[in-house]
file query19.txt (compact mmCIF, C-alpha atoms and all ligand atoms)
# COMPACT_ATOMS: atom_id res chain seq x y z
CA MET F 530 15.37 -23.94 -12.30
CA ASP F 531 17.23 -23.17 -15.53
CA ASP F 532 14.15 -24.18 -17.56
CA LEU F 533 12.33 -21.20 -16.04
CA VAL F 534 14.56 -18.75 -17.93
CA VAL F 535 12.55 -17.65 -20.98
CA ARG F 536 15.43 -15.99 -22.82
CA SER F 537 19.06 -15.82 -21.70
CA ALA F 538 21.33 -12.76 -21.88
CA ASP F 539 23.28 -14.42 -24.72
CA VAL F 540 20.17 -14.68 -26.92
CA PHE F 541 19.53 -10.95 -26.48
CA LYS F 542 23.12 -10.25 -27.54
CA GLU F 543 23.50 -12.77 -30.35
CA LYS F 544 20.03 -12.92 -31.91
CA GLN F 545 18.76 -9.43 -31.27
CA GLY F 546 22.05 -7.54 -31.29
CA ILE F 547 21.21 -5.82 -28.01
CA ASP F 548 24.22 -4.58 -26.05
CA LEU F 549 23.04 -6.18 -22.81
CA GLN F 550 25.28 -5.49 -19.82
CA THR F 551 24.45 -7.68 -16.84
CA GLY F 552 26.04 -7.13 -13.44
CA HIS F 553 25.81 -3.34 -13.67
CA GLN F 554 23.63 -1.45 -11.22
CA VAL F 555 22.47 1.97 -12.36
CA LEU F 556 22.96 4.38 -9.45
CA ARG F 557 22.16 7.77 -11.00
CA ILE F 558 20.16 9.34 -13.78
CA ASP F 559 21.40 12.76 -14.87
CA ARG F 560 18.42 14.20 -16.72
CA GLU F 561 20.13 17.44 -17.64
CA ASN F 562 23.01 15.73 -19.47
CA MET F 563 20.86 12.74 -20.45
CA THR F 564 23.22 10.13 -19.03
CA LEU F 565 23.00 7.35 -16.51
CA SER F 566 25.82 5.94 -14.48
CA GLY F 567 26.91 3.27 -12.04
CA GLU F 568 30.16 2.42 -10.32
CA ALA F 569 32.20 1.76 -13.45
CA PHE F 570 30.17 3.10 -16.35
CA ARG F 571 28.35 6.08 -17.82
CA VAL F 572 25.92 5.77 -20.74
CA ALA F 573 24.25 8.54 -22.75
CA TYR F 574 20.63 8.21 -23.85
CA ASP F 575 18.18 9.86 -26.23
CA LYS F 576 15.28 7.90 -24.73
CA LEU F 577 15.44 5.95 -21.47
CA LEU F 578 13.21 3.13 -20.18
CA ILE F 579 13.22 2.45 -16.46
CA ALA F 580 12.13 -1.16 -15.85
CA THR F 581 13.61 -1.79 -12.42
CA GLY F 582 10.76 -3.98 -11.11
CA ALA F 583 9.84 -4.37 -7.45
CA SER F 584 11.51 -5.74 -4.31
CA ALA F 585 10.24 -7.97 -1.56
CA VAL F 586 9.43 -6.04 1.61
CA LYS F 587 11.37 -7.15 4.69
CA PRO F 588 10.06 -5.48 7.86
CA GLU F 589 12.71 -3.57 9.81
CA LEU F 590 12.42 -5.71 12.91
CA PRO F 591 15.12 -7.53 14.89
CA GLY F 592 16.17 -10.90 13.48
CA PHE F 593 14.92 -10.47 9.92
CA ASP F 594 18.57 -10.60 8.77
CA LEU F 595 19.27 -13.99 10.39
CA PRO F 596 20.35 -16.90 8.16
CA GLY F 597 17.28 -18.90 7.20
CA VAL F 598 15.01 -15.82 7.05
CA LEU F 599 14.45 -15.65 3.29
CA THR F 600 12.39 -13.84 0.66
CA LEU F 601 11.33 -14.97 -2.82
CA LYS F 602 11.54 -12.44 -5.63
CA SER F 603 14.13 -13.66 -8.12
CA LEU F 604 15.32 -17.00 -9.48
CA SER F 605 18.43 -16.74 -7.31
CA ASP F 606 16.14 -16.33 -4.25
CA GLY F 607 14.40 -19.54 -5.35
CA ARG F 608 17.74 -21.35 -5.64
CA ARG F 609 18.75 -20.07 -2.20
CA ILE F 610 15.52 -21.41 -0.67
CA LYS F 611 15.93 -24.83 -2.31
CA ASP F 612 19.59 -25.06 -1.23
CA PHE F 613 18.70 -24.07 2.34
CA ILE F 614 15.92 -26.66 2.54
CA ARG F 615 18.28 -29.36 1.28
CA ALA F 616 21.28 -28.39 3.42
CA ARG F 617 19.33 -27.97 6.67
CA LYS F 618 16.84 -30.76 6.00
CA VAL F 619 14.03 -28.31 6.77
CA SER F 620 10.92 -30.01 8.11
CA LYS F 621 9.16 -26.97 9.60
CA ALA F 622 8.71 -23.50 8.09
CA VAL F 623 6.94 -20.31 9.06
CA ILE F 624 5.63 -18.03 6.31
CA ILE F 625 5.12 -14.38 7.21
CA GLY F 626 2.27 -13.06 5.05
CA MET F 627 -0.81 -14.61 3.44
CA GLY F 628 -0.87 -13.09 -0.05
CA TYR F 629 -0.60 -15.10 -3.25
CA ILE F 630 3.16 -15.71 -3.06
CA ALA F 631 2.82 -16.84 0.56
CA LEU F 632 -0.03 -19.20 -0.35
CA GLU F 633 1.73 -20.64 -3.40
CA MET F 634 4.90 -21.16 -1.37
CA GLY F 635 2.85 -22.84 1.38
CA GLU F 636 1.72 -25.39 -1.19
CA ALA F 637 5.27 -25.82 -2.57
CA LEU F 638 6.64 -26.48 0.92
CA LEU F 639 3.85 -28.95 1.78
CA ALA F 640 4.74 -30.86 -1.38
CA ARG F 641 8.22 -31.35 0.15
CA ASP F 642 6.66 -32.68 3.37
CA ILE F 643 7.49 -29.49 5.23
CA GLN F 644 5.10 -28.48 7.98
CA VAL F 645 3.82 -24.93 7.36
CA GLU F 646 2.61 -22.21 9.73
CA MET F 647 1.45 -18.88 8.30
CA VAL F 648 1.29 -15.70 10.34
CA LYS F 649 0.42 -12.05 9.69
CA PRO F 650 -0.62 -8.97 11.67
CA ARG F 651 -3.95 -8.23 9.94
CA PRO F 652 -6.96 -10.26 11.12
CA THR F 653 -8.23 -11.68 7.79
CA LEU F 654 -6.69 -14.20 5.39
CA LEU F 655 -7.28 -12.26 2.13
CA PRO F 656 -8.67 -8.87 3.18
CA TRP F 657 -9.88 -7.97 -0.33
CA MET F 658 -11.89 -11.15 -0.65
CA ASN F 659 -15.54 -11.71 0.23
CA PRO F 660 -15.55 -13.52 3.62
CA GLU F 661 -17.63 -16.48 2.32
CA LEU F 662 -15.10 -17.14 -0.45
CA ALA F 663 -12.12 -16.55 1.86
CA ALA F 664 -13.57 -19.17 4.24
CA VAL F 665 -13.40 -21.77 1.44
CA ILE F 666 -9.67 -21.06 1.05
CA ARG F 667 -9.09 -21.13 4.80
CA ASP F 668 -10.81 -24.55 5.04
CA GLU F 669 -8.68 -25.88 2.18
CA LEU F 670 -5.46 -24.76 3.89
CA GLU F 671 -6.52 -26.19 7.26
CA LYS F 672 -7.61 -29.46 5.64
CA HIS F 673 -4.03 -29.82 4.36
CA GLY F 674 -2.63 -29.13 7.84
CA VAL F 675 -1.44 -25.53 7.35
CA GLY F 676 -1.47 -23.59 10.63
CA LEU F 677 -3.04 -20.16 10.08
CA HIS F 678 -2.34 -17.37 12.58
CA PRO F 679 -3.83 -14.08 11.30
CA GLY F 680 -4.08 -11.13 13.70
CA ASN F 681 -0.60 -11.74 15.16
CA SER F 682 1.81 -8.80 15.25
CA ILE F 683 5.36 -9.99 14.79
CA GLN F 684 7.87 -8.48 17.22
CA ARG F 685 11.13 -10.15 16.22
CA ILE F 686 12.83 -13.35 15.09
CA GLU F 687 15.35 -15.09 17.32
CA GLY F 688 17.81 -17.80 16.34
CA ARG F 689 18.97 -20.58 18.66
CA LYS F 690 21.05 -23.61 17.66
CA GLY F 691 19.84 -23.73 14.08
CA ARG F 692 16.22 -23.11 15.03
CA LEU F 693 14.31 -19.88 14.51
CA GLN F 694 11.61 -18.48 16.73
CA VAL F 695 9.10 -15.99 15.35
CA ILE F 696 8.05 -14.00 18.40
CA CYS F 697 4.54 -12.59 18.02
CA ASP F 698 2.32 -10.65 20.45
CA ASN F 699 0.30 -13.72 21.39
CA GLN F 700 2.51 -16.69 20.57
CA VAL F 701 5.91 -18.02 19.53
CA LEU F 702 6.24 -20.02 16.30
CA GLU F 703 9.24 -22.34 15.85
CA ALA F 704 10.83 -23.24 12.51
CA GLN F 705 14.11 -23.99 10.73
CA MET F 706 13.23 -21.58 7.93
CA VAL F 707 11.17 -18.38 7.80
CA LEU F 708 9.89 -17.14 4.46
CA VAL F 709 8.99 -13.46 4.46
CA ALA F 710 6.21 -12.89 1.91
CA ALA F 711 4.93 -9.59 3.24
CA GLY F 712 4.41 -7.84 -0.10
CA VAL F 713 6.54 -5.96 -2.61
CA LYS F 714 7.48 -2.32 -3.14
CA PRO F 715 8.34 -0.61 -6.44
CA ASN F 716 12.03 -0.01 -7.18
CA SER F 717 11.52 3.68 -7.81
CA ASP F 718 14.36 5.24 -5.74
CA LEU F 719 16.43 5.92 -8.85
CA ALA F 720 13.51 7.73 -10.49
CA ALA F 721 12.64 9.60 -7.29
CA ARG F 722 16.22 10.81 -6.89
CA ALA F 723 16.12 12.04 -10.50
CA GLY F 724 13.05 14.12 -9.60
CA LEU F 725 10.48 12.12 -11.59
CA GLU F 726 6.88 12.22 -10.42
CA LEU F 727 5.68 9.27 -8.35
CA GLY F 728 2.25 7.61 -8.24
CA PRO F 729 0.43 5.18 -5.90
CA ALA F 730 2.60 3.27 -3.39
CA GLY F 731 5.64 5.24 -4.59
CA SER F 732 5.58 3.72 -8.10
CA ILE F 733 6.81 5.82 -11.02
CA ALA F 734 3.95 7.87 -12.50
CA VAL F 735 3.41 7.29 -16.24
CA ASP F 736 0.76 8.39 -18.72
CA ASP F 737 -1.05 6.03 -21.10
CA SER F 738 1.96 6.05 -23.45
CA LEU F 739 4.21 5.01 -20.51
CA GLN F 740 5.96 8.40 -20.49
CA THR F 741 7.10 9.69 -17.09
CA SER F 742 7.08 13.36 -16.09
CA ASP F 743 10.21 13.65 -18.31
CA LYS F 744 9.28 13.24 -22.00
CA ASN F 745 12.54 11.39 -22.74
CA ILE F 746 12.07 8.85 -19.96
CA TYR F 747 9.59 5.97 -19.95
CA ALA F 748 8.83 3.50 -17.16
CA ALA F 749 7.23 0.06 -17.46
CA GLY F 750 6.54 -3.00 -15.33
CA ASP F 751 6.42 -3.43 -11.58
CA CYS F 752 8.19 -0.10 -10.95
CA ALA F 753 5.47 1.96 -12.70
CA ASP F 754 1.83 2.80 -12.09
CA ALA F 755 -1.15 2.32 -14.48
CA TYR F 756 -4.67 3.57 -15.05
CA HIS F 757 -7.44 1.39 -13.60
CA VAL F 758 -10.13 0.80 -16.22
CA VAL F 759 -12.92 0.74 -13.61
CA THR F 760 -12.00 3.78 -11.49
CA GLY F 761 -10.25 5.75 -14.25
CA GLY F 762 -7.67 6.70 -11.61
CA LYS F 763 -4.11 5.62 -11.02
CA THR F 764 -3.27 2.28 -9.42
CA TRP F 765 -0.24 0.09 -8.73
CA ILE F 766 -0.82 -3.61 -9.46
CA PRO F 767 2.52 -5.30 -10.12
CA LEU F 768 1.73 -8.27 -12.41
CA ALA F 769 3.42 -9.89 -15.38
CA LEU F 770 1.06 -9.22 -18.32
CA ARG F 771 1.02 -5.48 -17.72
CA ALA F 772 4.83 -5.47 -17.32
CA ASN F 773 5.28 -7.31 -20.62
CA ARG F 774 2.70 -5.27 -22.51
CA ALA F 775 4.07 -1.97 -21.18
CA GLY F 776 7.61 -2.92 -22.25
CA TRP F 777 6.44 -3.64 -25.80
CA ALA F 778 4.44 -0.40 -25.88
CA VAL F 779 7.50 1.64 -24.86
CA ALA F 780 9.52 0.05 -27.68
CA ASP F 781 6.78 1.03 -30.16
CA ASN F 782 6.57 4.58 -28.82
CA VAL F 783 10.33 5.06 -28.88
CA VAL F 784 10.50 4.09 -32.58
CA GLY F 785 7.60 6.38 -33.40
CA ARG F 786 4.71 3.90 -33.67
CA GLU F 787 2.29 5.48 -31.19
CA VAL F 788 0.72 3.06 -28.70
CA ARG F 789 -1.53 4.03 -25.80
CA LEU F 790 -2.56 1.52 -23.13
CA PRO F 791 -6.03 1.77 -21.58
CA GLY F 792 -4.83 0.26 -18.30
CA VAL F 793 -5.50 -2.67 -16.01
CA ALA F 794 -8.61 -4.21 -14.49
CA GLY F 795 -6.70 -5.85 -11.63
CA THR F 796 -7.25 -9.35 -13.02
CA ALA F 797 -5.34 -12.01 -11.09
CA VAL F 798 -5.43 -15.77 -10.59
CA PHE F 799 -3.60 -18.12 -8.31
CA LYS F 800 -3.77 -21.67 -7.04
CA VAL F 801 -4.12 -22.70 -3.43
CA LEU F 802 -3.68 -26.48 -3.17
CA ASP F 803 -6.71 -27.89 -5.02
CA LEU F 804 -8.42 -24.52 -5.40
CA GLN F 805 -8.34 -21.96 -8.19
CA VAL F 806 -8.76 -18.36 -6.99
CA ALA F 807 -9.52 -15.48 -9.35
CA ARG F 808 -10.43 -11.83 -9.17
CA THR F 809 -10.92 -8.85 -11.44
CA GLY F 810 -12.06 -5.28 -10.86
CA LEU F 811 -13.02 -3.90 -7.47
CA SER F 812 -13.96 -5.53 -4.18
CA ILE F 813 -16.85 -4.02 -2.20
CA ALA F 814 -14.45 -2.05 0.04
CA GLU F 815 -12.43 -0.77 -2.93
CA ALA F 816 -15.63 0.26 -4.75
CA GLU F 817 -16.74 2.25 -1.69
CA ARG F 818 -13.32 3.86 -1.41
CA PHE F 819 -13.53 5.05 -5.03
CA GLY F 820 -16.94 6.69 -4.52
CA PHE F 821 -19.24 3.99 -5.95
CA ARG F 822 -22.39 2.82 -4.10
CA PRO F 823 -21.81 -0.92 -4.52
CA ALA F 824 -23.96 -4.00 -3.99
CA GLU F 825 -22.73 -7.58 -4.17
CA ALA F 826 -24.17 -11.02 -4.85
CA VAL F 827 -22.50 -14.23 -3.68
CA ILE F 828 -23.62 -17.49 -5.25
CA LYS F 829 -22.55 -21.14 -5.08
CA SER F 830 -22.93 -23.00 -8.36
CA ARG F 831 -21.31 -26.00 -10.09
CA SER F 832 -18.30 -26.46 -12.33
CA ARG F 833 -20.24 -28.93 -14.55
CA ALA F 834 -23.88 -29.82 -15.18
CA HIS F 835 -25.42 -31.28 -12.00
CA ALA F 836 -25.44 -34.92 -13.16
CA HIS F 837 -22.03 -34.80 -14.80
CA PRO F 838 -19.47 -36.93 -12.93
CA GLY F 839 -16.66 -35.00 -11.27
CA ASN F 840 -18.54 -31.75 -10.83
CA SER F 841 -17.56 -29.56 -7.89
CA ALA F 842 -18.70 -26.35 -6.21
CA ILE F 843 -17.79 -22.96 -7.63
CA TRP F 844 -18.34 -19.73 -5.72
CA VAL F 845 -18.80 -16.36 -7.41
CA GLN F 846 -19.02 -12.93 -5.85
CA MET F 847 -20.02 -10.10 -8.19
CA VAL F 848 -20.07 -6.37 -7.47
CA GLY F 849 -22.18 -3.70 -9.22
CA ASP F 850 -22.87 0.00 -8.75
CA ILE F 851 -26.43 0.75 -7.56
CA PRO F 852 -26.94 4.20 -9.20
CA THR F 853 -25.51 3.30 -12.63
CA GLY F 854 -25.95 -0.49 -12.76
CA ARG F 855 -22.32 -0.77 -13.83
CA LEU F 856 -20.41 -4.00 -13.33
CA LEU F 857 -17.47 -3.30 -10.99
CA GLY F 858 -15.79 -6.63 -10.30
CA ALA F 859 -15.94 -10.32 -9.53
CA GLN F 860 -14.17 -12.98 -7.48
CA LEU F 861 -14.27 -16.75 -8.01
CA VAL F 862 -13.13 -19.80 -6.05
CA GLY F 863 -13.46 -23.42 -7.13
CA ARG F 864 -11.66 -26.67 -7.83
CA GLU F 865 -12.09 -26.28 -11.59
CA GLY F 866 -13.41 -23.68 -13.99
CA ALA F 867 -12.73 -20.65 -11.77
CA ALA F 868 -9.41 -19.37 -13.12
CA HIS F 869 -10.24 -18.60 -16.73
CA ARG F 870 -13.92 -17.87 -16.18
CA VAL F 871 -12.84 -14.56 -14.63
CA ASN F 872 -11.64 -13.37 -18.05
CA ALA F 873 -15.21 -12.84 -19.30
CA VAL F 874 -15.75 -10.34 -16.48
CA ALA F 875 -12.38 -8.68 -17.18
CA VAL F 876 -13.42 -8.04 -20.81
CA ALA F 877 -16.77 -6.66 -19.61
CA LEU F 878 -14.93 -4.27 -17.26
CA HIS F 879 -12.74 -3.03 -20.11
CA ARG F 880 -15.94 -2.28 -22.06
CA GLN F 881 -17.58 -0.66 -18.97
CA MET F 882 -20.63 -2.94 -19.26
CA THR F 883 -23.63 -2.82 -16.94
CA VAL F 884 -24.55 -5.91 -14.91
CA GLU F 885 -27.72 -6.16 -17.01
CA ALA F 886 -25.77 -6.15 -20.30
CA PHE F 887 -23.38 -8.74 -18.90
CA SER F 888 -26.30 -10.94 -17.76
CA GLN F 889 -27.43 -11.08 -21.41
CA CYS F 890 -24.08 -12.32 -22.77
CA ASP F 891 -24.13 -15.59 -24.70
CA LEU F 892 -21.71 -17.67 -22.60
CA ALA F 893 -20.85 -21.24 -23.58
CA TYR F 894 -22.61 -24.33 -22.24
CA ALA F 895 -22.00 -28.07 -22.42
CA PRO F 896 -22.39 -30.45 -19.43
CA PRO F 897 -18.64 -31.13 -18.87
CA PHE F 898 -17.91 -27.39 -18.57
CA GLY F 899 -20.73 -25.87 -16.52
CA PRO F 900 -24.46 -25.61 -15.92
CA VAL F 901 -26.76 -24.18 -18.64
CA TRP F 902 -26.66 -20.90 -16.78
CA ASP F 903 -22.96 -20.25 -16.38
CA PRO F 904 -22.08 -19.40 -12.72
CA LEU F 905 -21.19 -15.87 -13.88
CA LEU F 906 -24.68 -15.40 -15.34
CA THR F 907 -26.32 -16.74 -12.16
CA ALA F 908 -24.26 -14.25 -10.13
CA ALA F 909 -25.20 -11.40 -12.50
CA ASN F 910 -28.91 -12.33 -12.29
CA GLN F 911 -28.77 -12.34 -8.49
CA LEU F 912 -26.87 -9.06 -8.43
CA LEU F 913 -29.45 -7.41 -10.71
CA LYS F 914 -32.08 -7.93 -7.99
CA LYS F 915 -30.01 -5.73 -5.65
CA LEU F 916 -29.36 -2.84 -8.05
C1 LIG B 1001 7.19 -15.71 -6.68
C2 LIG B 1001 6.49 -14.83 -7.67
C3 LIG B 1001 5.42 -15.32 -8.38
C4 LIG B 1001 4.75 -14.51 -9.30
N1 LIG B 1001 3.68 -15.01 -9.97
C5 LIG B 1001 3.02 -14.23 -10.84
C6 LIG B 1001 1.88 -14.72 -11.54
O1 LIG B 1001 1.50 -15.90 -11.39
N2 LIG B 1001 1.23 -13.89 -12.39
C7 LIG B 1001 1.65 -12.60 -12.61
O2 LIG B 1001 1.02 -11.89 -13.41
N3 LIG B 1001 2.73 -12.10 -11.97
C8 LIG B 1001 3.42 -12.88 -11.08
N4 LIG B 1001 4.51 -12.38 -10.43
C9 LIG B 1001 4.91 -10.97 -10.69
C10 LIG B 1001 5.79 -10.88 -11.94
O3 LIG B 1001 6.90 -11.71 -11.76
C11 LIG B 1001 6.20 -9.43 -12.14
O4 LIG B 1001 5.06 -8.65 -12.36
C12 LIG B 1001 7.13 -9.26 -13.34
O5 LIG B 1001 8.26 -10.07 -13.25
C13 LIG B 1001 7.59 -7.80 -13.42
O6 LIG B 1001 8.51 -7.65 -14.45
P1 LIG B 1001 9.49 -6.39 -14.47
O7 LIG B 1001 10.28 -6.51 -15.72
O8 LIG B 1001 8.74 -5.12 -14.22
O9 LIG B 1001 10.43 -6.55 -13.19
P2 LIG B 1001 11.52 -7.66 -12.84
O10 LIG B 1001 11.23 -8.93 -13.53
O11 LIG B 1001 11.62 -7.65 -11.34
O12 LIG B 1001 12.86 -7.08 -13.47
C14 LIG B 1001 13.48 -5.92 -12.97
C15 LIG B 1001 14.96 -5.97 -13.35
O13 LIG B 1001 15.55 -4.71 -13.11
C16 LIG B 1001 16.83 -4.92 -12.51
N5 LIG B 1001 17.19 -3.71 -11.75
C17 LIG B 1001 16.57 -3.19 -10.66
N6 LIG B 1001 17.18 -2.07 -10.25
C18 LIG B 1001 18.22 -1.87 -11.12
C19 LIG B 1001 19.25 -0.88 -11.22
N7 LIG B 1001 19.31 0.16 -10.38
N8 LIG B 1001 20.17 -1.00 -12.21
C20 LIG B 1001 20.11 -2.03 -13.09
N9 LIG B 1001 19.16 -2.99 -13.05
C21 LIG B 1001 18.24 -2.91 -12.06
C22 LIG B 1001 16.61 -6.14 -11.64
O14 LIG B 1001 17.84 -6.75 -11.32
C23 LIG B 1001 15.74 -7.01 -12.54
O15 LIG B 1001 16.52 -7.77 -13.42
C24 LIG B 1001 5.19 -13.18 -9.51
C25 LIG B 1001 6.29 -12.67 -8.79
C26 LIG B 1001 6.93 -13.49 -7.88
C27 LIG B 1001 8.11 -12.94 -7.12

call {"tool": "encode", "arguments": {"input": "query19.txt", "output": "structure tokens"}}
result
Amino acid sequence: MDDLVVRSADVFKEKQGIDLQTGHQVLRIDRENMTLSGEAFRVAYDKLLIATGASAVKPELPGFDLPGVLTLKSLSDGRRIKDFIRARKVSKAVIIGMGYIALEMGEALLARDIQVEMVKPRPTLLPWMNPELAAVIRDELEKHGVGLHPGNSIQRIEGRKGRLQVICDNQVLEAQMVLVAAGVKPNSDLAARAGLELGPAGSIAVDDSLQTSDKNIYAAGDCADAYHVVTGGKTWIPLALRANRAGWAVADNVVGREVRLPGVAGTAVFKVLDLQVARTGLSIAEAERFGFRPAEAVIKSRSRAHAHPGNSAIWVQMVGDIPTGRLLGAQLVGREGAAHRVNAVAVALHRQMTVEAFSQCDLAYAPPFGPVWDPLLTAANQLLKKL
């Protein structure tokens, strides 16, 4: 676990000369006097960066505070989960939620020979994903013995003699450990109490220079919102690259080197057992919600040239806007070549390309890496017929 720490507090202090004070929770920001304070300290600021991150959501239902009902957000959460598994010799776990953290944890638990059941109230596995692609992921999970129970409202968790029961509307799931992976929420209470403007999902609203509604206060990372490069509007997508980039941009802006960030395309990748899953831009439903008139193409292609040994299927869904021909998003699933392929579409979204322009891009080909027509180009060609 210690190897996961990129830079320790000591390095910040010794190498960078930063007066880093761990173990201090900021409870108040006094904007008038430009100070912030906690239980045993008060600090004055000229410029302030709020980078308080996000927290795991734990539904307010009976039994979610029982021992063995755990969340995963920080390294110490990870240690707690590993210790619990070891101490209780966990052989059966229920995961509440089916997002990327839930799916990655499902795989991690299977690797420890723990039987996994996943449950959530909404009826579909990954609601943002095209159903044909989502079915590939569902099959992969079921092939590895994961029990999937979407469409099950959870009423409460009960504990009896070291065993937990997740009581749902339609069934009862038994386990020694329950992992709650039901999403995250921005840690914006501090900012809200200080009267700063909030954005989507209660995140802290910032402009493209990361400034909040107070010109002396910046916000960056999972606690703050961002512009979406496809919709042009505000969005809240808590991921690591944006958090990192926004932090650096604030540092530049504070020292007077002006940096403005165009925003995010919603690019994300994750692994589900032997599958790579990737997305960027808008799904069909999101495109409709933001006023586009979208069409989609779904194709099944190959990760290598057809005769090349080891080739496997790769699915691509691509979305475009009928009136303007603009490329709006893409999703990919496959055993190889799906994760990083999505980046070509992400760049195209940043440049606001049309599907036609994208279909003319000179993408790489050699038999070990794909067919002559890259799966993204095949998807774009099929999508063009619908625009
Ligand atoms: C299990 C897991 C897997 C993930 N995998 C990926 C991935 O594959 N790709 C990806 O892009 N992203 C991933 N993420 C998301 C990524 O970790 C976050 O986007 C990133 O860490 C956000 O960084 P941050 O600095 O904004 O927040 P954090 O890293 O959460 O840091 C916030 C800090 O603020 C402190 N803090 C909060 N409130 C206060 C207060 N009042 N006073 C003082 N300090 C306070 C917290 O203690 C914490 O140290 C994953 C997240 C999890 C939980």

call {"tool": "closest_atom_pairs", "arguments": {"input": "query19.txt", "of": "chain F", "to": "ligand LIG 1001 (chain B)", "cutoff": "7 Å", "atoms": "only C-alpha atoms and all ligand atoms", "output": "Markdown table"}}
result
| residue | atom | partner | partner_atom | distance |
| --- | --- | --- | --- | --- |
| F:His553 | CA | B:LIG1001 | C20 | 5.9 |
| F:Gln554 | CA | B:LIG1001 | N8 | 3.6 |
| F:Val555 | CA | B:LIG1001 | N8 | 3.8 |
| F:Leu556 | CA | B:LIG1001 | N7 | 5.7 |
| F:Ala580 | CA | B:LIG1001 | O8 | 5.5 |
| F:Thr581 | CA | B:LIG1001 | O13 | 3.6 |
| F:Gly582 | CA | B:LIG1001 | O9 | 3.3 |
| F:Ala583 | CA | B:LIG1001 | O11 | 5.4 |
| F:Leu601 | CA | B:LIG1001 | C1 | 5.7 |
| F:Lys602 | CA | B:LIG1001 | C27 | 3.8 |
| F:Ser603 | CA | B:LIG1001 | C27 | 6.1 |
| F:Ile630 | CA | B:LIG1001 | C1 | 5.4 |
| F:Asn716 | CA | B:LIG1001 | N6 | 6.3 |
| F:Leu719 | CA | B:LIG1001 | N7 | 6.6 |
| F:Ala749 | CA | B:LIG1001 | O8 | 6.3 |
| F:Gly750 | CA | B:LIG1001 | O8 | 3.3 |
| F:Asp751 | CA | B:LIG1001 | O8 | 3.9 |
| F:Cys752 | CA | B:LIG1001 | O8 | 6.0 |
| F:Pro767 | CA | B:LIG1001 | O4 | 4.8 |
| F:Leu768 | CA | B:LIG1001 | O4 | 3.4 |
| F:Ala769 | CA | B:LIG1001 | O4 | 3.7 |
| F:Leu770 | CA | B:LIG1001 | O2 | 5.6 |
| F:Ala772 | CA | B:LIG1001 | O8 | 5.0 |
| F:Asn773 | CA | B:LIG1001 | O6 | 7.0 |
| F:Ala797 | CA | B:LIG1001 | O2 | 6.8 |
| F:Val798 | CA | B:LIG1001 | O1 | 7.0 |
| F:Phe799 | CA | B:LIG1001 | O1 | 6.4 |

call {"tool": "residues_around", "arguments": {"input": "query19.txt", "residues": "Pro791 (chain F)", "least_positions_apart": "4", "cutoff": "8 Å", "atoms": "only C-alpha atoms", "output": "list in words"}}
result
Asp737, Tyr756 and Val758 of chain F

call {"tool": "closest_residue", "arguments": {"input": "query19.txt", "among": "F:Asp594, F:Glu671, F:Asp548, F:Glu589", "to": "Glu646 (chain F)", "atoms": "all atoms listed in the file"}}
result
F:Glu671

call {"tool": "residues_around", "arguments": {"input": "query19.txt", "residues": "Asp803 (chain F)", "least_positions_apart": "6", "cutoff": "10 Å", "atoms": "only C-alpha atoms", "output": "list in words"}}
result
Glu636, Ile666, Glu669, Leu670, His673, Gly863, Arg864 and Glu865 of chain F

call {"tool": "closest_residue", "arguments": {"input": "query19.txt", "among": "F:Leu604, F:Ala875, F:Leu857, F:Ala723", "to": "Ile579 (chain F)", "atoms": "all atoms listed in the file"}}
result
F:Ala723

call {"tool": "residues_near_point", "arguments": {"input": "query19.txt", "point": "(-30.7, -5.0, -11.4)", "cutoff": "12 Å", "atoms": "only C-alpha atoms", "output": "ChimeraX atom specification"}}
result
/F:823-826,848-856,883-888,908-916

call {"tool": "closest_residue", "arguments": {"input": "query19.txt", "among": "F:Ala834, F:Val874, F:Ala816, F:Ile683", "to": "Pro900 (chain F)", "atoms": "only C-alpha atoms"}}
result
F:Ala834

call {"tool": "residues_around", "arguments": {"input": "query19.txt", "residues": "Arg641 (chain F)", "least_positions_apart": "4", "cutoff": "12 Å", "atoms": "all atoms listed in the file", "output": "PyMOL selection string"}}
result
chain F and resi 611+614-615+618-622+634-637+645

call {"tool": "residues_around", "arguments": {"input": "query19.txt", "residues": "Gln705 (chain F)", "least_positions_apart": "2", "cutoff": "10 Å", "atoms": "only C-alpha atoms", "output": "PyMOL selection string"}}
result
chain F and resi 596-598+613-614+617-623+688-694+703+707

call {"tool": "residues_around", "arguments": {"input": "query19.txt", "residues": "Leu533 (chain F)", "least_positions_apart": "3", "cutoff": "12 Å", "atoms": "all atoms listed in the file", "output": "PyMOL selection string"}}
result
chain F and resi 530+536-537+603-605+607-608

call {"tool": "closest_residue", "arguments": {"input": "query19.txt", "among": "F:Ala775, F:Leu905, F:Leu892, F:Ala569", "to": "Val788 (chain F)", "atoms": "all atoms listed in the file"}}
result
F:Ala775

call {"tool": "atom_distance", "arguments": {"input": "query19.txt", "atom1": "CA of Gly680 (chain F)", "atom2": "CA of Pro650 (chain F)"}}
result
4.6 Å

call {"tool": "closest_residue", "arguments": {"input": "query19.txt", "among": "F:Leu878, F:Ala704, F:Val784, F:Ala585", "to": "Gln644 (chain F)", "atoms": "all atoms listed in the file"}}
result
F:Ala704

call {"tool": "closest_residue", "arguments": {"input": "query19.txt", "among": "F:Asp668, F:Trp844, F:Asp575, F:Gln550", "to": "Ala868 (chain F)", "atoms": "only C-alpha atoms"}}
result
F:Trp844

call {"tool": "atom_distance", "arguments": {"input": "query19.txt", "atom1": "CA of Gln805 (chain F)", "atom2": "CA of Leu861 (chain F)"}}
result
7.9 Å

call {"tool": "atom_distance", "arguments": {"input": "query19.txt", "atom1": "CA of Gly866 (chain F)", "atom2": "CA of Asp903 (chain F)"}}
result
10.4 Å
